[in-house]
file model.pdb (PDB, C-alpha atoms)
MODEL        1
ATOM      1  CA  MET E  17       0.965  14.962  79.140
ATOM      2  CA  LYS E  18      -2.185  16.654  77.830
ATOM      3  CA  ILE E  19      -3.704  15.680  74.494
ATOM      4  CA  SER E  20      -6.763  16.924  72.610
ATOM      5  CA  ILE E  21      -8.249  14.846  69.807
ATOM      6  CA  ILE E  22     -10.642  16.609  67.472
ATOM      7  CA  GLY E  23     -11.984  15.804  64.030
ATOM      8  CA  TYR E  24     -14.887  14.579  61.997
ATOM      9  CA  SER E  25     -17.598  12.315  63.381
ATOM     10  CA  GLY E  26     -16.755   8.676  62.785
ATOM     11  CA  SER E  27     -13.046   9.338  62.197
ATOM     12  CA  GLY E  28     -11.805   7.253  65.145
ATOM     13  CA  LYS E  29     -11.341   9.914  67.838
ATOM     14  CA  SER E  30     -12.743   7.846  70.703
ATOM     15  CA  THR E  31     -10.792   4.716  69.823
ATOM     16  CA  LEU E  32      -7.552   6.682  69.535
ATOM     17  CA  CYS E  33      -8.314   8.440  72.828
ATOM     18  CA  LYS E  34      -8.884   5.176  74.643
ATOM     19  CA  ASN E  35      -5.778   3.542  73.219
ATOM     20  CA  ILE E  36      -3.505   6.491  74.055
ATOM     21  CA  ALA E  37      -4.981   6.740  77.566
ATOM     22  CA  ASN E  38      -4.365   3.029  78.104
ATOM     23  CA  LYS E  39      -0.762   3.232  76.909
ATOM     24  CA  TYR E  40       0.187   6.252  79.006
ATOM     25  CA  LYS E  41      -2.133   5.556  81.954
ATOM     26  CA  ILE E  42      -3.672   9.037  81.796
ATOM     27  CA  ASN E  43      -7.221  10.115  82.526
ATOM     28  CA  LYS E  44      -9.492  10.345  79.525
ATOM     29  CA  LEU E  45     -12.630  12.329  78.899
ATOM     30  CA  TYR E  46     -15.039  11.792  76.046
ATOM     31  CA  LEU E  47     -16.872  15.092  75.601
ATOM     32  CA  ASP E  48     -19.940  13.162  74.416
ATOM     33  CA  THR E  49     -20.282  11.863  77.984
ATOM     34  CA  ILE E  50     -20.639  15.354  79.390
ATOM     35  CA  HIS E  51     -22.795  16.677  76.536
ATOM     36  CA  TRP E  52     -25.479  13.995  76.457
ATOM     37  CA  LEU E  53     -27.961  12.832  79.050
ATOM     38  CA  PRO E  54     -29.664   9.427  78.578
ATOM     39  CA  ASN E  55     -31.897   9.077  75.502
ATOM     40  CA  TRP E  56     -29.855  11.640  73.573
ATOM     41  CA  VAL E  57     -31.051  14.637  75.593
ATOM     42  CA  GLU E  58     -28.594  17.534  75.542
ATOM     43  CA  LYS E  59     -27.285  18.733  78.888
ATOM     44  CA  GLU E  60     -27.429  22.399  79.859
ATOM     45  CA  LYS E  61     -24.320  24.270  78.673
ATOM     46  CA  ASP E  62     -23.501  25.625  82.166
ATOM     47  CA  LEU E  63     -23.403  22.102  83.582
ATOM     48  CA  GLU E  64     -21.206  20.879  80.716
ATOM     49  CA  ILE E  65     -18.730  23.709  81.286
ATOM     50  CA  LYS E  66     -18.719  23.046  85.032
ATOM     51  CA  GLU E  67     -17.964  19.328  84.525
ATOM     52  CA  LEU E  68     -15.252  20.027  81.957
ATOM     53  CA  THR E  69     -13.668  22.710  84.151
ATOM     54  CA  GLU E  70     -13.587  20.271  87.083
ATOM     55  CA  PHE E  71     -11.900  17.655  84.892
ATOM     56  CA  LEU E  72      -9.283  20.114  83.600
ATOM     57  CA  ASP E  73      -8.606  21.558  87.058
ATOM     58  CA  SER E  74      -8.295  18.203  88.789
ATOM     59  CA  ASN E  75      -5.973  16.384  86.341
ATOM     60  CA  THR E  76      -2.329  17.130  85.578
ATOM     61  CA  SER E  77      -2.355  14.698  82.644
ATOM     62  CA  TRP E  78      -5.315  14.025  80.397
ATOM     63  CA  ILE E  79      -6.598  13.170  76.968
ATOM     64  CA  ILE E  80      -9.863  14.630  75.708
ATOM     65  CA  ASP E  81     -11.840  13.368  72.725
ATOM     66  CA  GLY E  82     -14.319  15.644  71.020
ATOM     67  CA  ASN E  83     -14.880  18.876  69.202
ATOM     68  CA  TYR E  84     -17.612  20.832  71.015
ATOM     69  CA  PHE E  85     -16.065  24.133  70.021
ATOM     70  CA  SER E  86     -18.229  25.982  72.563
ATOM     71  CA  LEU E  87     -16.823  23.939  75.471
ATOM     72  CA  LEU E  88     -13.633  25.694  76.576
ATOM     73  CA  LEU E  89     -11.938  24.959  73.248
ATOM     74  CA  ASP E  90      -9.282  27.641  73.632
ATOM     75  CA  ARG E  91      -8.378  26.450  77.110
ATOM     76  CA  ARG E  92      -8.226  22.806  76.012
ATOM     77  CA  LEU E  93      -6.024  23.573  73.032
ATOM     78  CA  ASP E  94      -3.792  26.057  74.881
ATOM     79  CA  GLU E  95      -3.152  23.539  77.648
ATOM     80  CA  SER E  96      -2.595  20.613  75.270
ATOM     81  CA  ASP E  97       0.910  19.364  74.654
ATOM     82  CA  LYS E  98      -0.376  17.659  71.518
ATOM     83  CA  ILE E  99      -3.437  18.225  69.332
ATOM     84  CA  ILE E 100      -4.500  15.464  66.960
ATOM     85  CA  ILE E 101      -6.928  16.369  64.186
ATOM     86  CA  LEU E 102      -8.587  13.430  62.425
ATOM     87  CA  LYS E 103      -9.715  14.574  58.983
ATOM     88  CA  LEU E 104     -10.584  11.289  57.294
ATOM     89  CA  ASN E 105     -12.795  11.462  54.220
ATOM     90  CA  ARG E 106     -16.558  11.504  54.633
ATOM     91  CA  PHE E 107     -17.145   8.036  53.193
ATOM     92  CA  SER E 108     -14.595   6.400  55.501
ATOM     93  CA  CYS E 109     -16.264   8.154  58.442
ATOM     94  CA  LEU E 110     -19.740   7.015  57.388
ATOM     95  CA  HIS E 111     -18.478   3.455  56.952
ATOM     96  CA  ARG E 112     -16.916   3.558  60.431
ATOM     97  CA  ALA E 113     -20.134   4.925  61.943
ATOM     98  CA  ILE E 114     -22.155   2.117  60.363
ATOM     99  CA  LYS E 115     -19.685  -0.479  61.665
ATOM    100  CA  ARG E 116     -19.845   1.128  65.115
ATOM    101  CA  LYS E 117     -23.648   1.024  65.077
ATOM    102  CA  ASN E 118     -23.571  -2.672  64.223
ATOM    103  CA  ARG E 119     -20.961  -3.386  66.916
ATOM    104  CA  PHE E 120     -22.949  -1.576  69.621
ATOM    105  CA  LYS E 121     -26.468  -2.413  68.492
ATOM    106  CA  ASN E 122     -28.983  -1.732  71.292
ATOM    107  CA  LYS E 123     -26.343  -0.595  73.765
ATOM    108  CA  SER E 124     -24.213   2.397  74.705
ATOM    109  CA  ARG E 125     -20.497   2.473  73.998
ATOM    110  CA  GLU E 126     -17.957   3.629  76.584
ATOM    111  CA  SER E 127     -17.488   6.987  74.875
ATOM    112  CA  ILE E 128     -21.121   8.060  75.189
ATOM    113  CA  THR E 129     -23.484   8.503  78.111
ATOM    114  CA  ASN E 130     -25.197   5.354  79.393
ATOM    115  CA  GLY E 131     -28.716   5.304  77.999
ATOM    116  CA  CYS E 132     -27.681   6.655  74.596
ATOM    117  CA  GLU E 133     -27.955   3.580  72.424
ATOM    118  CA  GLU E 134     -25.774   3.650  69.346
ATOM    119  CA  ARG E 135     -27.679   4.823  66.291
ATOM    120  CA  ILE E 136     -27.239   6.139  62.827
ATOM    121  CA  ASP E 137     -30.203   7.837  61.246
ATOM    122  CA  PHE E 138     -30.582  10.013  58.165
ATOM    123  CA  SER E 139     -29.773  13.180  60.084
ATOM    124  CA  PHE E 140     -26.531  11.760  61.524
ATOM    125  CA  ALA E 141     -25.519  10.341  58.134
ATOM    126  CA  MET E 142     -26.051  13.789  56.622
ATOM    127  CA  TRP E 143     -23.970  15.295  59.452
ATOM    128  CA  ILE E 144     -21.101  12.926  58.662
ATOM    129  CA  LEU E 145     -21.329  13.458  54.922
ATOM    130  CA  PHE E 146     -22.153  17.163  54.652
ATOM    131  CA  THR E 147     -23.365  19.217  57.629
ATOM    132  CA  GLY E 148     -20.312  18.511  59.764
ATOM    133  CA  ARG E 149     -17.990  19.489  56.921
ATOM    134  CA  THR E 150     -19.094  23.019  56.195
ATOM    135  CA  TYR E 151     -16.607  25.627  55.043
ATOM    136  CA  LYS E 152     -16.766  27.190  58.521
ATOM    137  CA  ARG E 153     -15.881  23.910  60.242
ATOM    138  CA  ARG E 154     -13.097  23.077  57.768
ATOM    139  CA  LYS E 155     -11.707  26.584  58.290
ATOM    140  CA  LYS E 156     -11.837  26.082  62.070
ATOM    141  CA  TYR E 157      -9.635  22.978  61.781
ATOM    142  CA  LYS E 158      -7.286  24.837  59.420
ATOM    143  CA  ASP E 159      -7.051  27.782  61.834
ATOM    144  CA  ILE E 160      -6.339  25.442  64.760
ATOM    145  CA  ALA E 161      -3.612  23.678  62.768
ATOM    146  CA  SER E 162      -2.072  27.033  61.888
ATOM    147  CA  LYS E 163      -2.268  28.539  65.382
ATOM    148  CA  TYR E 164      -0.907  25.415  67.087
ATOM    149  CA  LYS E 165       1.384  24.189  64.292
ATOM    150  CA  ASP E 166       4.151  23.176  66.707
ATOM    151  CA  LYS E 167       1.941  20.715  68.565
ATOM    152  CA  CYS E 168      -0.623  19.729  65.933
ATOM    153  CA  ILE E 169      -0.764  16.415  64.091
ATOM    154  CA  ILE E 170      -3.181  16.093  61.180
ATOM    155  CA  ILE E 171      -4.249  12.612  60.144
ATOM    156  CA  ARG E 172      -6.075  12.484  56.796
ATOM    157  CA  ASN E 173      -6.579   8.793  56.035
ATOM    158  CA  GLN E 174      -6.449   5.284  57.437
ATOM    159  CA  LYS E 175      -2.839   4.733  56.371
ATOM    160  CA  GLU E 176      -1.718   7.846  58.271
ATOM    161  CA  LEU E 177      -3.750   6.714  61.284
ATOM    162  CA  ASN E 178      -2.185   3.251  61.163
ATOM    163  CA  ASP E 179       1.261   4.844  60.796
ATOM    164  CA  TYR E 180       0.568   7.039  63.837
ATOM    165  CA  TYR E 181      -0.366   3.993  65.929
ATOM    166  CA  LYS E 182       2.877   2.296  64.838
ATOM    167  CA  LEU E 183       5.031   5.387  65.369
ATOM    168  CA  GLU E 184       3.710   5.872  68.896
ATOM    169  CA  ASN E 185       3.757   2.105  69.580
ATOM    170  CA  ILE E 186       0.090   2.166  70.572
ATOM    171  CA  ASP E 187      -2.199  -0.845  70.339
ATOM    172  CA  ASN E 188      -5.053  -0.252  67.924
ATOM    173  CA  LYS E 189      -7.949  -1.952  69.704
ATOM    174  CA  TYR E 190     -11.622  -1.444  69.001
ATOM    175  CA  ASP E 191     -13.017  -3.256  72.045
ATOM    176  CA  ASP E 192     -15.082  -0.419  73.547
TER     177      ASP E 192
ENDMDL
END

call {"tool": "encode", "arguments": {"input": "model.pdb", "output": "structure tokens"}}
result
Amino acid sequence: MKISIIGYSGSGKSTLCKNIANKYKINKLYLDTIHWLPNWVEKEKDLEIKELTEFLDSNTSWIIDGNYFSLLLDRRLDESDKIIILKLNRFSCLHRAIKRKNRFKNKSRESITNGCEERIDFSFAMWILFTGRTYKRRKKYKDIASKYKDKCIIIRNQKELNDYYKLENIDNKYDD
């Protein structure tokens, strides 16, 4: 089983990834953990690709959380048995990000590199509300859904997300 979860920031990708990985006992990878060095320093692209390639090559089953379209996206999606796109509305995502910041105040969550304390600043709020939802990005999700229609699941709101958890009989835990 190979699953890719992509979607908007704050939509619940990491939580869904963790819960699916726990249910099926498969290896998980949060792309944020290979993109960021401590203190929110970006890693060199070659090193990110090397780490991701090693993960893909060394696991027969996996679940990967994250967009990072420049990190072997075609390979990840081609190899995926299932692609889940979380397209929750911007205000739900911002609300989730604020809740996450409060839950992980002054510490790093499991789905990010140690040393990257949870934060939400003006720039990240703008990313969630506007910058991360450009026409180009929305078109990218639409193109992915079209190209991989036989293995793509699009979740647009909290009810659909809750229904997905129930349908798959997956615990919905937020205890990062």

call {"tool": "resolve_selection", "arguments": {"input": "model.pdb", "expression": "the PyMOL selection byres ((chain E and resi 54) around 7)", "output": "VMD selection string"}}
result
chain E and resid 52 to 53 55 to 57 129 to 132

call {"tool": "closest_atom_pairs", "arguments": {"input": "model.pdb", "of": "range 124-182 of chain E", "to": "range 34-41 of chain E", "cutoff": "12 Å", "atoms": "all atoms listed in the file", "output": "CSV"}}
result
residue,atom,partner,partner_atom,distance
E:Arg125,CA,E:Lys34,CA,11.9
E:Glu126,CA,E:Lys34,CA,9.4
E:Ser127,CA,E:Lys34,CA,8.8
E:Tyr180,CA,E:Ile36,CA,11.0
E:Tyr181,CA,E:Ile36,CA,9.1
E:Lys182,CA,E:Ile36,CA,12.0

call {"tool": "write_last_selection", "arguments": {"input": "model.pdb", "atoms": "C-alpha atoms", "output": "compact mmCIF listing (two decimals), in the frame of the given file"}}
result
# COMPACT_ATOMS: atom_id res chain seq x y z
CA ARG E 125 -20.50 2.47 74.00
CA GLU E 126 -17.96 3.63 76.58
CA SER E 127 -17.49 6.99 74.88
CA TYR E 180 0.57 7.04 63.84
CA TYR E 181 -0.37 3.99 65.93
CA LYS E 182 2.88 2.30 64.84

call {"tool": "resolve_selection", "arguments": {"input": "model.pdb", "expression": "the PyMOL selection byres ((chain E and resi 162-164) around 12)", "output": "list in words"}}
result
Ser20, Asp90, Arg92, Leu93, Asp94, Glu95, Ser96, Asp97, Lys98, Ile99, Ile100, Ile101, Lys155, Lys156, Tyr157, Lys158, Asp159, Ile160, Ala161, Lys165, Asp166, Lys167, Cys168, Ile169 and Ile170 of chain E

call {"tool": "atom_distance", "arguments": {"input": "model.pdb", "atom1": "CA of Arg135 in chain E", "atom2": "CA of Gln174 in chain E"}}
result
23.0 Å

call {"tool": "residues_near_point", "arguments": {"input": "model.pdb", "point": "(-18.0, 18.6, 60.0)", "cutoff": "10 Å", "atoms": "only C-alpha atoms", "output": "list of chain:residue names"}}
result
E:Gly23, E:Tyr24, E:Ser25, E:Asn83, E:Lys103, E:Arg106, E:Met142, E:Trp143, E:Ile144, E:Leu145, E:Phe146, E:Thr147, E:Gly148, E:Arg149, E:Thr150, E:Tyr151, E:Lys152, E:Arg153, E:Arg154, E:Lys156, E:Tyr157

call {"tool": "residues_around", "arguments": {"input": "model.pdb", "residues": "Ile79 in chain E", "least_positions_apart": "2", "cutoff": "8 Å", "atoms": "only C-alpha atoms", "output": "ChimeraX atom specification"}}
result
/E:18-21,33,36-37,42-45,77,81

call {"tool": "atom_distance", "arguments": {"input": "model.pdb", "atom1": "CA of Arg172 in chain E", "atom2": "CA of Tyr84 in chain E"}}
result
20.1 Å

call {"tool": "atom_distance", "arguments": {"input": "model.pdb", "atom1": "CA of Ser30 in chain E", "atom2": "CA of Asp62 in chain E"}}
result
23.7 Å

call {"tool": "residues_around", "arguments": {"input": "model.pdb", "residues": "Phe120 in chain E", "least_positions_apart": "4", "cutoff": "9 Å", "atoms": "only C-alpha atoms", "output": "PDB file with C-alpha atoms, keeping the file's coordinate frame"}}
result
ATOM      1  CA  LYS E 115     -19.685  -0.479  61.665  1.00  0.00           C
ATOM      2  CA  ARG E 116     -19.845   1.128  65.115  1.00  0.00           C
ATOM      3  CA  SER E 124     -24.213   2.397  74.705  1.00  0.00           C
ATOM      4  CA  ARG E 125     -20.497   2.473  73.998  1.00  0.00           C
ATOM      5  CA  GLU E 133     -27.955   3.580  72.424  1.00  0.00           C
ATOM      6  CA  GLU E 134     -25.774   3.650  69.346  1.00  0.00           C
ATOM      7  CA  ARG E 135     -27.679   4.823  66.291  1.00  0.00           C
ATOM      8  CA  ASP E 192     -15.082  -0.419  73.547  1.00  0.00           C
TER       9      ASP E 192
END

call {"tool": "resolve_selection", "arguments": {"input": "model.pdb", "expression": "the PyMOL selection byres ((chain E and resi 64) around 12)", "output": "short mmCIF file (atom, residue, chain, number, x, y, z; two decimals) with C-alpha atoms, in the frame of the given file"}}
result
data_model
loop_
_atom_site.label_atom_id
_atom_site.label_comp_id
_atom_site.auth_asym_id
_atom_site.auth_seq_id
_atom_site.Cartn_x
_atom_site.Cartn_y
_atom_site.Cartn_z
CA TYR E 46 -15.04 11.79 76.05
CA LEU E 47 -16.87 15.09 75.60
CA ASP E 48 -19.94 13.16 74.42
CA THR E 49 -20.28 11.86 77.98
CA ILE E 50 -20.64 15.35 79.39
CA HIS E 51 -22.80 16.68 76.54
CA TRP E 52 -25.48 14.00 76.46
CA LEU E 53 -27.96 12.83 79.05
CA GLU E 58 -28.59 17.53 75.54
CA LYS E 59 -27.28 18.73 78.89
CA GLU E 60 -27.43 22.40 79.86
CA LYS E 61 -24.32 24.27 78.67
CA ASP E 62 -23.50 25.62 82.17
CA LEU E 63 -23.40 22.10 83.58
CA ILE E 65 -18.73 23.71 81.29
CA LYS E 66 -18.72 23.05 85.03
CA GLU E 67 -17.96 19.33 84.52
CA LEU E 68 -15.25 20.03 81.96
CA THR E 69 -13.67 22.71 84.15
CA GLU E 70 -13.59 20.27 87.08
CA PHE E 71 -11.90 17.66 84.89
CA TYR E 84 -17.61 20.83 71.02
CA SER E 86 -18.23 25.98 72.56
CA LEU E 87 -16.82 23.94 75.47
CA LEU E 88 -13.63 25.69 76.58
#

call {"tool": "closest_residue", "arguments": {"input": "model.pdb", "among": "E:Met17, E:Leu32, E:Ala141, E:Ile136", "to": "Lys117 in chain E", "atoms": "all atoms listed in the file"}}
result
E:Ile136

call {"tool": "closest_residue", "arguments": {"input": "model.pdb", "among": "E:Asn178, E:Gly82, E:Phe140, E:Leu104", "to": "Ile128 in chain E", "atoms": "only C-alpha atoms"}}
result
E:Gly82

call {"tool": "closest_residue", "arguments": {"input": "model.pdb", "among": "E:Phe85, E:Arg91, E:Asp187, E:Asn122", "to": "Asp73 in chain E", "atoms": "all atoms listed in the file"}}
result
E:Arg91

call {"tool": "decode", "arguments": {"input": "model.pdb", "residues": "range 105-124 of chain E", "atoms": "N, CA, C and O atoms", "output": "mmCIF file, in the first residue's frame"}}
result
data_model
loop_
_atom_site.group_PDB
_atom_site.id
_atom_site.type_symbol
_atom_site.label_atom_id
_atom_site.label_comp_id
_atom_site.auth_asym_id
_atom_site.auth_seq_id
_atom_site.Cartn_x
_atom_site.Cartn_y
_atom_site.Cartn_z
ATOM 1 N N ASN E 105 -11.637 24.622 3.075
ATOM 2 C CA ASN E 105 -11.642 26.060 2.823
ATOM 3 C C ASN E 105 -10.586 26.776 3.672
ATOM 4 O O ASN E 105 -10.134 26.280 4.702
ATOM 5 N N ARG E 106 -10.200 27.923 3.190
ATOM 6 C CA ARG E 106 -9.088 28.681 3.792
ATOM 7 C C ARG E 106 -9.313 29.019 5.255
ATOM 8 O O ARG E 106 -8.379 29.025 6.037
ATOM 9 N N PHE E 107 -10.551 29.318 5.641
ATOM 10 C CA PHE E 107 -10.803 29.718 7.022
ATOM 11 C C PHE E 107 -10.730 28.521 7.973
ATOM 12 O O PHE E 107 -10.237 28.644 9.093
ATOM 13 N N SER E 108 -11.197 27.366 7.514
ATOM 14 C CA SER E 108 -11.033 26.142 8.312
ATOM 15 C C SER E 108 -9.554 25.832 8.503
ATOM 16 O O SER E 108 -9.122 25.459 9.601
ATOM 17 N N CYS E 109 -8.769 25.989 7.443
ATOM 18 C CA CYS E 109 -7.330 25.715 7.523
ATOM 19 C C CYS E 109 -6.632 26.686 8.460
ATOM 20 O O CYS E 109 -5.771 26.279 9.251
ATOM 21 N N LEU E 110 -6.991 27.960 8.403
ATOM 22 C CA LEU E 110 -6.386 28.938 9.314
ATOM 23 C C LEU E 110 -6.763 28.619 10.755
ATOM 24 O O LEU E 110 -5.904 28.640 11.649
ATOM 25 N N HIS E 111 -8.015 28.280 10.977
ATOM 26 C CA HIS E 111 -8.465 27.913 12.328
ATOM 27 C C HIS E 111 -7.682 26.700 12.845
ATOM 28 O O HIS E 111 -7.222 26.684 13.997
ATOM 29 N N ARG E 112 -7.501 25.707 12.005
ATOM 30 C CA ARG E 112 -6.735 24.513 12.392
ATOM 31 C C ARG E 112 -5.281 24.872 12.711
ATOM 32 O O ARG E 112 -4.701 24.334 13.651
ATOM 33 N N ALA E 113 -4.692 25.746 11.906
ATOM 34 C CA ALA E 113 -3.302 26.144 12.134
ATOM 35 C C ALA E 113 -3.153 26.890 13.458
ATOM 36 O O ALA E 113 -2.168 26.700 14.178
ATOM 37 N N ILE E 114 -4.123 27.705 13.785
ATOM 38 C CA ILE E 114 -4.088 28.430 15.071
ATOM 39 C C ILE E 114 -4.227 27.440 16.224
ATOM 40 O O ILE E 114 -3.486 27.521 17.215
ATOM 41 N N LYS E 115 -5.147 26.494 16.103
ATOM 42 C CA LYS E 115 -5.298 25.465 17.138
ATOM 43 C C LYS E 115 -4.014 24.652 17.286
ATOM 44 O O LYS E 115 -3.584 24.345 18.402
ATOM 45 N N ARG E 116 -3.394 24.318 16.170
ATOM 46 C CA ARG E 116 -2.148 23.544 16.192
ATOM 47 C C ARG E 116 -1.049 24.346 16.888
ATOM 48 O O ARG E 116 -0.291 23.808 17.685
ATOM 49 N N LYS E 117 -0.971 25.632 16.601
ATOM 50 C CA LYS E 117 0.048 26.470 17.239
ATOM 51 C C LYS E 117 -0.155 26.498 18.747
ATOM 52 O O LYS E 117 0.798 26.396 19.521
ATOM 53 N N ASN E 118 -1.393 26.596 19.174
ATOM 54 C CA ASN E 118 -1.682 26.604 20.613
ATOM 55 C C ASN E 118 -1.374 25.256 21.245
ATOM 56 O O ASN E 118 -0.879 25.188 22.375
ATOM 57 N N ARG E 119 -1.643 24.173 20.539
ATOM 58 C CA ARG E 119 -1.397 22.825 21.069
ATOM 59 C C ARG E 119 0.097 22.536 21.198
ATOM 60 O O ARG E 119 0.527 21.838 22.097
ATOM 61 N N PHE E 120 0.895 23.077 20.285
ATOM 62 C CA PHE E 120 2.332 22.797 20.269
ATOM 63 C C PHE E 120 3.170 24.031 20.608
ATOM 64 O O PHE E 120 4.303 24.149 20.138
ATOM 65 N N LYS E 121 2.634 24.896 21.408
ATOM 66 C CA LYS E 121 3.330 26.130 21.771
ATOM 67 C C LYS E 121 4.722 25.816 22.337
ATOM 68 O O LYS E 121 4.872 24.985 23.231
ATOM 69 N N ASN E 122 5.733 26.466 21.771
ATOM 70 C CA ASN E 122 7.125 26.338 22.196
ATOM 71 C C ASN E 122 7.714 24.943 22.037
ATOM 72 O O ASN E 122 8.653 24.580 22.739
ATOM 73 N N LYS E 123 7.156 24.164 21.117
ATOM 74 C CA LYS E 123 7.748 22.852 20.843
ATOM 75 C C LYS E 123 7.500 22.474 19.393
ATOM 76 O O LYS E 123 6.708 23.094 18.690
ATOM 77 N N SER E 124 8.184 21.418 18.965
ATOM 78 C CA SER E 124 8.036 20.906 17.602
ATOM 79 C C SER E 124 7.060 19.743 17.624
ATOM 80 O O SER E 124 7.093 18.916 18.526
#
